[in-house]
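Visitor: Next up is a structure, given as structure tokens.
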Amino acid sequence: MTKLLEVNNLTMEFGGVVALKEVNLHVSAGEIAALIGPNGAGKTTVFNVVTGYYQPTKGDVLLNSKSVLGLKSNKIARLGLARTFQNIRLFGDMTALENVMTGSDSRNKVGLVGSIIGTSRSRQEESLSHSRAAELLNFMGISHRSGQLARNLPYGDQRRLEIARALALEPKVLLLDEPAAGFNPQEKVELGELIKKIRDAGFAVLLIEHDMSLVMKISDRVSVLDFGQKIAEGTPSEIQNNQKVIDAYLGVVDNAS
Amino acid sequence: MSSIKIAFSKFNLRDSFGAWWENATKKQRIAFRVLLIGFFYALPFLDNPILGTPETNFQSVLFYPLAVYVAMAVGLNIVVGKSGILDLGYVAFFAIGAYTHAILGTFYGVSLWFNIILGAAFAMIAGVILGLPALRLRGDYLAIITLGFGEIVRIVALNLEITGGAAGIAGIPAPPNIFNVTFDVLDPKPHYWLMLTFIMLVVWMYIRLGKRRPGRAWEAIREDEDVAEFMGVETTKYKLWAFILGGAIGGGAGAIYSSQVASILPDYFTLNVSILVLACVVFGGMGNIWGVVAGAILLEYLPEKLRFLSETRILFFGLLMVVMMNIRPDGLFPRKKREKVYDKVTGQEISR
Amino acid sequence: MDFSILWTEFFGLTLDGIVVGAIYALVSLGYTLVYGVLRLINFAHSEIFMIGTFTSLGLSIVFGFTGLEEPLGIVLFLLVFLVMALASGIVSGMSAVLLEFVAYRRLRRRGASRLSSLISAIGASFFLVEFYRLTTESKDWDFPRMLSKDPIFSISSAYFTLDKIIILLGAFGLMFGLDRIINKTRLGRGIRAVSQDEKTAILMGVNVDRVISFTFLVGGVLAGFASTFYMLFYESTKFNVGFLLGISAFTAAVLGGIGNIRGALVGSFVLGLIQQYSSVVLGYNWRDVVTFVILVFVLLFKPTGLFGEALQRARV
């Protein structure tokens, strides 16, 4: 399988504090990879480094075998990395549809002048953005919300809208940061199905999640971070029986599953 | 008392009008537009005791301050309202446009028609020079830098020879006649119509941009710049575009302004102008073009109409900004969109 | 450009630069302290200073000084001056507290955007300037000379006059006092706690509202004292006196690294000197342009200033 996203020897220090130490990760085409670990293990930092928000102290990030180090976040996003956020960050004063269209705009080419004149390409791309966004809202089961402001949406729909917005970039790898946070068990099951559906639609997924039953059920491969270091990697069943992981979680795994 | 306060904070013209507009037929919409535009073109002839201004010539007031400030407010709205970039030196662009026509028109005989474009172009160049480095900074730093920029342009105009120093430039030419309309210092009407046309062009452009990709990019930047960047929005590019487009509008308006007033001096371009324009944007409703236009009209018209306001207008505008931010930060006509709620099962719109 | 004056007047310019820098320092501390606790530039701080100058002026009128009488003896002068400085400090301090209450507090509680707070502060600033413009009739107001400005001694072209010596001693005394307040008192510790991490400070039982009020009070009092020093040195004020002084003091704070108290002091003296030197080289008219250019360059190339805090990433 081709490795879409590779993280090699990643080290991240903040003023002497080591947040990540020589972490190696990869996401292959067609898989759901999960990144788990106790709070403060550095999972979100991984997302912030690969999306270009932080410059790593050492190491490299490859997307489609090409380094994306030093590129701006918007460039990396357009090359094929889209993300969601642990604490939902939507464009609150824009409608759900516009939120998603902002994502699909990144596939478009028309610039400012074209938009003023209203060239045929601009009109074409506008309607394409619109239909793509509507399709994605439908895919996430929230098409009835399209005309509402993002900040007025119920919590669960906001989470779904974030995923729709990220998918609108048509990323190679979708980075989900705790998408199930705050969901009830029923919603978590639905979300699991949805993530599998996203994978089957051709997007590789890198998932940060605290809910172990969800992770173990849908992931193809699981990596475990603890104190900024990768301590284990393997199939869900391998991870569940890994002593190091069990120690790191101090039995949290048993409670959750 | 509290119910009045609630009514004040809840009232939303945009929603009620928006509903009518969406249900209107094409003919109704065209009729509305024609009536509205016609009304504004006919305004100079509607100098009556109710509408007219008691102590100043109504037709002059229509040009300055009304049309001039509406044009600037519309320009600044792209920067502050739509994109959330606080620009406190907007007057600099206005001054650049004004001096462009004053210098090129008076000393080199270049026609206003070129100078509107040149003024806008010079303002854009200044915008790039300042914006390219400055737009990387956080909002409050940017505010200070733009504030400084506004003052620098004024101080430079005060100290250069070509700008005539403190005495400024006099005898700035009006544009040549078109369609039998004579531009004359004594008759402000043609300049008013010219500025009105300029405003309509700008508003038309803004609406096109606003509902398309650039509009979404600007709003996304205003809402959360980091996230916009993660969603593939080239934030630097769009911020710069907002900044220089706003600047170009200020520059164009400045050129027209200097052609009407015929003489300009650095004292016309103080920080007060920037703040008054900002007050118009804030009062009307940041990001809502119609609110901004209405806000500018109200804020510039009332001091002319009500004499006690004209001496103390900055006092009131300052107070107004504090009060608005405290109780109604979205302005008189908020930008909040009219939401459409659909039924989950049938997909029909639910009226609320 | 004329460098010859720069060399012949070098010591005099240096002395004046340090005196002006001391005044900037007291004002820039207000910017930096408020920035520390609110992460906001207090746009109306320059008006707090302006209010102080008019308080000193008002007292000189109340005391009946016209500037035509014989200079006062040093002891009597110090007494009069102390009363003026205290009064300006109190009035400016109270104004700053009131300003925070009116223009910032509600917005902060509501979690309003930074843009809203800035606009509110700018509105307050304009209200104050305009209020003073109307009540002082846009005039330049002269502060009476109560003290002989004959030099006591001189080093080359630097003439040490009593006013300069008083300003330097007074400013250093106030800086020392501020240092004690910040480091030794309960509220001072509160300021430091809120500056470092507001959420944790709340959890630790710090009353943030009180700390913020206190910060504005301290900043305002310092600006009030600075305003009396300013009047002693420049002997004139006007409704818009705060604007350029505020920009200078803010530039000094940024130069030293905003939020950093020591930085604000160093930045103030550096800026005071640069202004004095550059105004003889380029001409006095360009002094403020120089200040702006310094501000722009610092923000663009070293936004953390000389000793600054790294805060570039946090955006609006």
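In the structure tokens, the first chain shown is A, the next is B, and so on; residue numbers restart at 1 for each chain, and ligands run from 1 in the order shown.
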I'd like a table as JSON lines: residues in chain A with an atom no more than 12 Å from chain C, each row giving the shortest atom pair and its distance in Å to one decimal, only C-alpha atoms counted, sorted by chain and rising residue number.
Guide:
{"residue": "A:Phe14", "atom": "CA", "partner": "C:Ala310", "partner_atom": "CA", "distance": 11.7}
{"residue": "A:Gly15", "atom": "CA", "partner": "C:Ala310", "partner_atom": "CA", "distance": 10.9}
{"residue": "A:Tyr53", "atom": "CA", "partner": "C:Arg313", "partner_atom": "CA", "distance": 9.6}
{"residue": "A:Tyr54", "atom": "CA", "partner": "C:Arg313", "partner_atom": "CA", "distance": 10.0}
Visitor: Can I get the residues of chain C within 7 Å of chain B, each with the closest pair of atoms and their distance in Å to one decimal, using only C-alpha atoms, sorted chain first then ascending number, as a tab-separated table?
Guide:
residue	atom	partner	partner_atom	distance
C:Ile41	CA	B:Asp140	CA	6.6
C:Ala103	CA	B:Val322	CA	6.1
C:Arg106	CA	B:Asn326	CA	6.5
C:Leu107	CA	B:Asn326	CA	6.2
C:Ser116	CA	B:Met325	CA	5.9
C:Ile119	CA	B:Met321	CA	6.7
C:Ser120	CA	B:Val322	CA	4.4
C:Gly123	CA	B:Gly318	CA	3.9
C:Ala124	CA	B:Gly318	CA	5.8
C:Phe126	CA	B:Gly318	CA	5.1
C:Phe127	CA	B:Gly318	CA	4.6
C:Glu130	CA	B:Leu315	CA	5.3
C:Phe131	CA	B:Leu315	CA	6.3
C:Val289	CA	B:Ile152	CA	5.9
C:Phe292	CA	B:Gly148	CA	5.8
C:Val296	CA	B:Ile145	CA	6.3
C:Leu300	CA	B:Pro133	CA	6.5
C:Gln312	CA	B:Arg138	CA	6.8
C:Arg315	CA	B:Arg138	CA	5.1
C:Val316	CA	B:Gly139	CA	5.5
Visitor: Grab the CA of Ala96 in chain A to CA of Ser146 in chain A distance for me, in Å with one decimal place.
Guide: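 Atom-to-atom, CA of Ala96 in chain A and CA of Ser146 in chain A are spaced 4.8 Å apart.
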Visitor: For range 272-276 of chain C, work out the shell of residues within 8 Å, counting only C-alpha atoms and skipping chain neighbours fewer than 6 positions away, then give it as number ranges by chain.
Guide: C: 13-14, 16-21, 24, 287, 290-291
Visitor: Okay, now the selection with N, CA and C atoms, as a PDB file, in the first residue's frame?
Guide:
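And here's out.pdb as it stands now:
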ATOM      1  N   LEU C  13      21.880  67.040  23.936  1.00  0.00           N
ATOM      2  CA  LEU C  13      20.830  66.198  23.361  1.00  0.00           C
ATOM      3  C   LEU C  13      20.658  64.924  24.173  1.00  0.00           C
ATOM      4  N   THR C  14      21.784  64.380  24.624  1.00  0.00           N
ATOM      5  CA  THR C  14      21.721  63.147  25.407  1.00  0.00           C
ATOM      6  C   THR C  14      20.957  63.378  26.708  1.00  0.00           C
ATOM      7  N   ASP C  16      18.729  65.727  27.352  1.00  0.00           N
ATOM      8  CA  ASP C  16      17.308  65.920  27.059  1.00  0.00           C
ATOM      9  C   ASP C  16      16.650  64.596  26.677  1.00  0.00           C
ATOM     10  N   GLY C  17      17.365  63.779  25.930  1.00  0.00           N
ATOM     11  CA  GLY C  17      16.816  62.483  25.544  1.00  0.00           C
ATOM     12  C   GLY C  17      16.492  61.633  26.758  1.00  0.00           C
ATOM     13  N   ILE C  18      17.368  61.691  27.768  1.00  0.00           N
ATOM     14  CA  ILE C  18      17.116  60.884  28.968  1.00  0.00           C
ATOM     15  C   ILE C  18      15.930  61.448  29.746  1.00  0.00           C
ATOM     16  N   VAL C  19      15.835  62.786  29.796  1.00  0.00           N
ATOM     17  CA  VAL C  19      14.707  63.404  30.515  1.00  0.00           C
ATOM     18  C   VAL C  19      13.384  63.046  29.822  1.00  0.00           C
ATOM     19  N   VAL C  20      13.368  63.220  28.501  1.00  0.00           N
ATOM     20  CA  VAL C  20      12.147  62.888  27.755  1.00  0.00           C
ATOM     21  C   VAL C  20      11.858  61.398  27.890  1.00  0.00           C
ATOM     22  N   GLY C  21      12.916  60.590  27.831  1.00  0.00           N
ATOM     23  CA  GLY C  21      12.757  59.141  27.981  1.00  0.00           C
ATOM     24  C   GLY C  21      12.135  58.784  29.324  1.00  0.00           C
ATOM     25  N   TYR C  24       8.475  59.376  28.966  1.00  0.00           N
ATOM     26  CA  TYR C  24       7.911  58.275  28.170  1.00  0.00           C
ATOM     27  C   TYR C  24       7.786  57.008  29.013  1.00  0.00           C
ATOM     28  N   ARG C 287      10.422  64.426  13.345  1.00  0.00           N
ATOM     29  CA  ARG C 287      10.617  63.633  14.547  1.00  0.00           C
ATOM     30  C   ARG C 287       9.563  62.529  14.682  1.00  0.00           C
ATOM     31  N   VAL C 290       9.949  59.726  12.284  1.00  0.00           N
ATOM     32  CA  VAL C 290      10.995  58.807  12.743  1.00  0.00           C
ATOM     33  C   VAL C 290      10.418  57.821  13.758  1.00  0.00           C
ATOM     34  N   THR C 291       9.633  58.359  14.703  1.00  0.00           N
ATOM     35  CA  THR C 291       9.037  57.483  15.712  1.00  0.00           C
ATOM     36  C   THR C 291       8.180  56.396  15.061  1.00  0.00           C
TER      37      THR C 291
END
Visitor: If you run DSSP over the backbone, which residues in range 3-237 of chain B end up strand (DSSP E or B)? Put them as a VMD selection string.
Guide: chain B and resid 169 178 181 184 187
Visitor: Got a sec to pull out which chain B residues are within 7 Å of chain A, counting only C-alpha atoms, and send them as a PyMOL selection string?
Guide: chain B and resi 205+208-209+212-214+216-217+220+223-224+229-234+336+339-344+347
Visitor: Please list as a PyMOL selection string every residue within 12 Å of range 182-187 of chain B, counting only C-alpha atoms and excluding residues in the same chain fewer than 2 positions away.
Guide: chain B and resi 44+57-63+112+171-180+189-194+256-263
Visitor: Restricted to C-alpha atoms, what would the selected residues look like written as a CSV table (one decimal), in the first residue's frame?
Guide:
chain,number,residue,atom,x,y,z
B,44,PRO,CA,-30.5,67.3,-4.9
B,57,ASN,CA,-26.6,74.3,1.3
B,58,PHE,CA,-28.4,71.0,1.0
B,59,GLN,CA,-26.8,70.1,-2.3
B,60,SER,CA,-23.4,70.7,-0.9
B,61,VAL,CA,-24.1,68.6,2.1
B,62,LEU,CA,-25.2,65.8,-0.2
B,63,PHE,CA,-21.7,65.7,-1.8
B,112,LEU,CA,-10.0,63.7,-13.4
B,171,GLY,CA,-7.2,75.8,-8.1
B,172,ILE,CA,-7.7,72.0,-8.6
B,173,PRO,CA,-9.5,71.6,-11.8
B,174,ALA,CA,-13.0,70.1,-12.2
B,175,PRO,CA,-13.4,67.4,-14.9
B,176,PRO,CA,-14.4,68.3,-18.4
B,177,ASN,CA,-18.1,68.2,-19.2
B,178,ILE,CA,-19.9,65.1,-20.2
B,179,PHE,CA,-23.5,64.6,-21.5
B,180,ASN,CA,-24.0,68.4,-21.3
B,189,LYS,CA,-24.9,68.5,-8.1
B,190,PRO,CA,-22.7,67.0,-10.9
B,191,HIS,CA,-20.0,66.0,-8.4
B,192,TYR,CA,-22.7,64.4,-6.2
B,193,TRP,CA,-24.0,62.4,-9.2
B,194,LEU,CA,-20.4,61.4,-10.0
B,256,ILE,CA,-13.3,63.1,-6.8
B,257,TYR,CA,-13.4,65.0,-3.5
B,258,SER,CA,-10.4,67.2,-4.4
B,259,SER,CA,-11.9,68.0,-7.8
B,260,GLN,CA,-15.1,69.3,-6.1
B,261,VAL,CA,-13.6,71.3,-3.2
B,262,ALA,CA,-10.9,72.8,-5.6
B,263,SER,CA,-8.4,73.3,-2.9
Visitor: May I have the residues within 12 Å of Val224 in chain A as a VMD selection string, using only C-alpha atoms and disregarding those fewer than 2 positions away in the same chain?
Guide: chain A and resid 23 to 25 33 to 39 41 to 43 207 to 210 212 215 221 to 222 226 to 236 238 to 240 242 244 to 249
Visitor: Nearest to Gly210 in chain B: which of B:Met124, B:Leu35, B:Ile289, B:Leu66 is it, counting only C-alpha atoms?
Guide: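 Ranked by minimum distance to Gly210 in chain B, first place goes to B:Ile289.
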Visitor: To one decimal place, how far is CA of Leu175 in chain A from CA of Leu153 in chain A in Å?
Guide: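 Value for the CA of Leu175 in chain A-CA of Leu153 in chain A distance: 22.2 Å.
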Visitor: Among range 48-230 of chain A, which ones does DSSP assign to alpha helix (DSSP H) (computed from the backbone)? Answer as a ChimeraX atom specification.
Guide: /A:48-50,73-79,96-105,112-117,120-139,155-167,185-200,212-218
Visitor: Need to verify the contact set: Glu6 in chain A, 10 Å, only C-alpha atoms, exclusion of same-chain residues closer than 6 positions in sequence. Can you return it as a ChimeraX atom specification?
Guide: /A:24-28,50,60-67
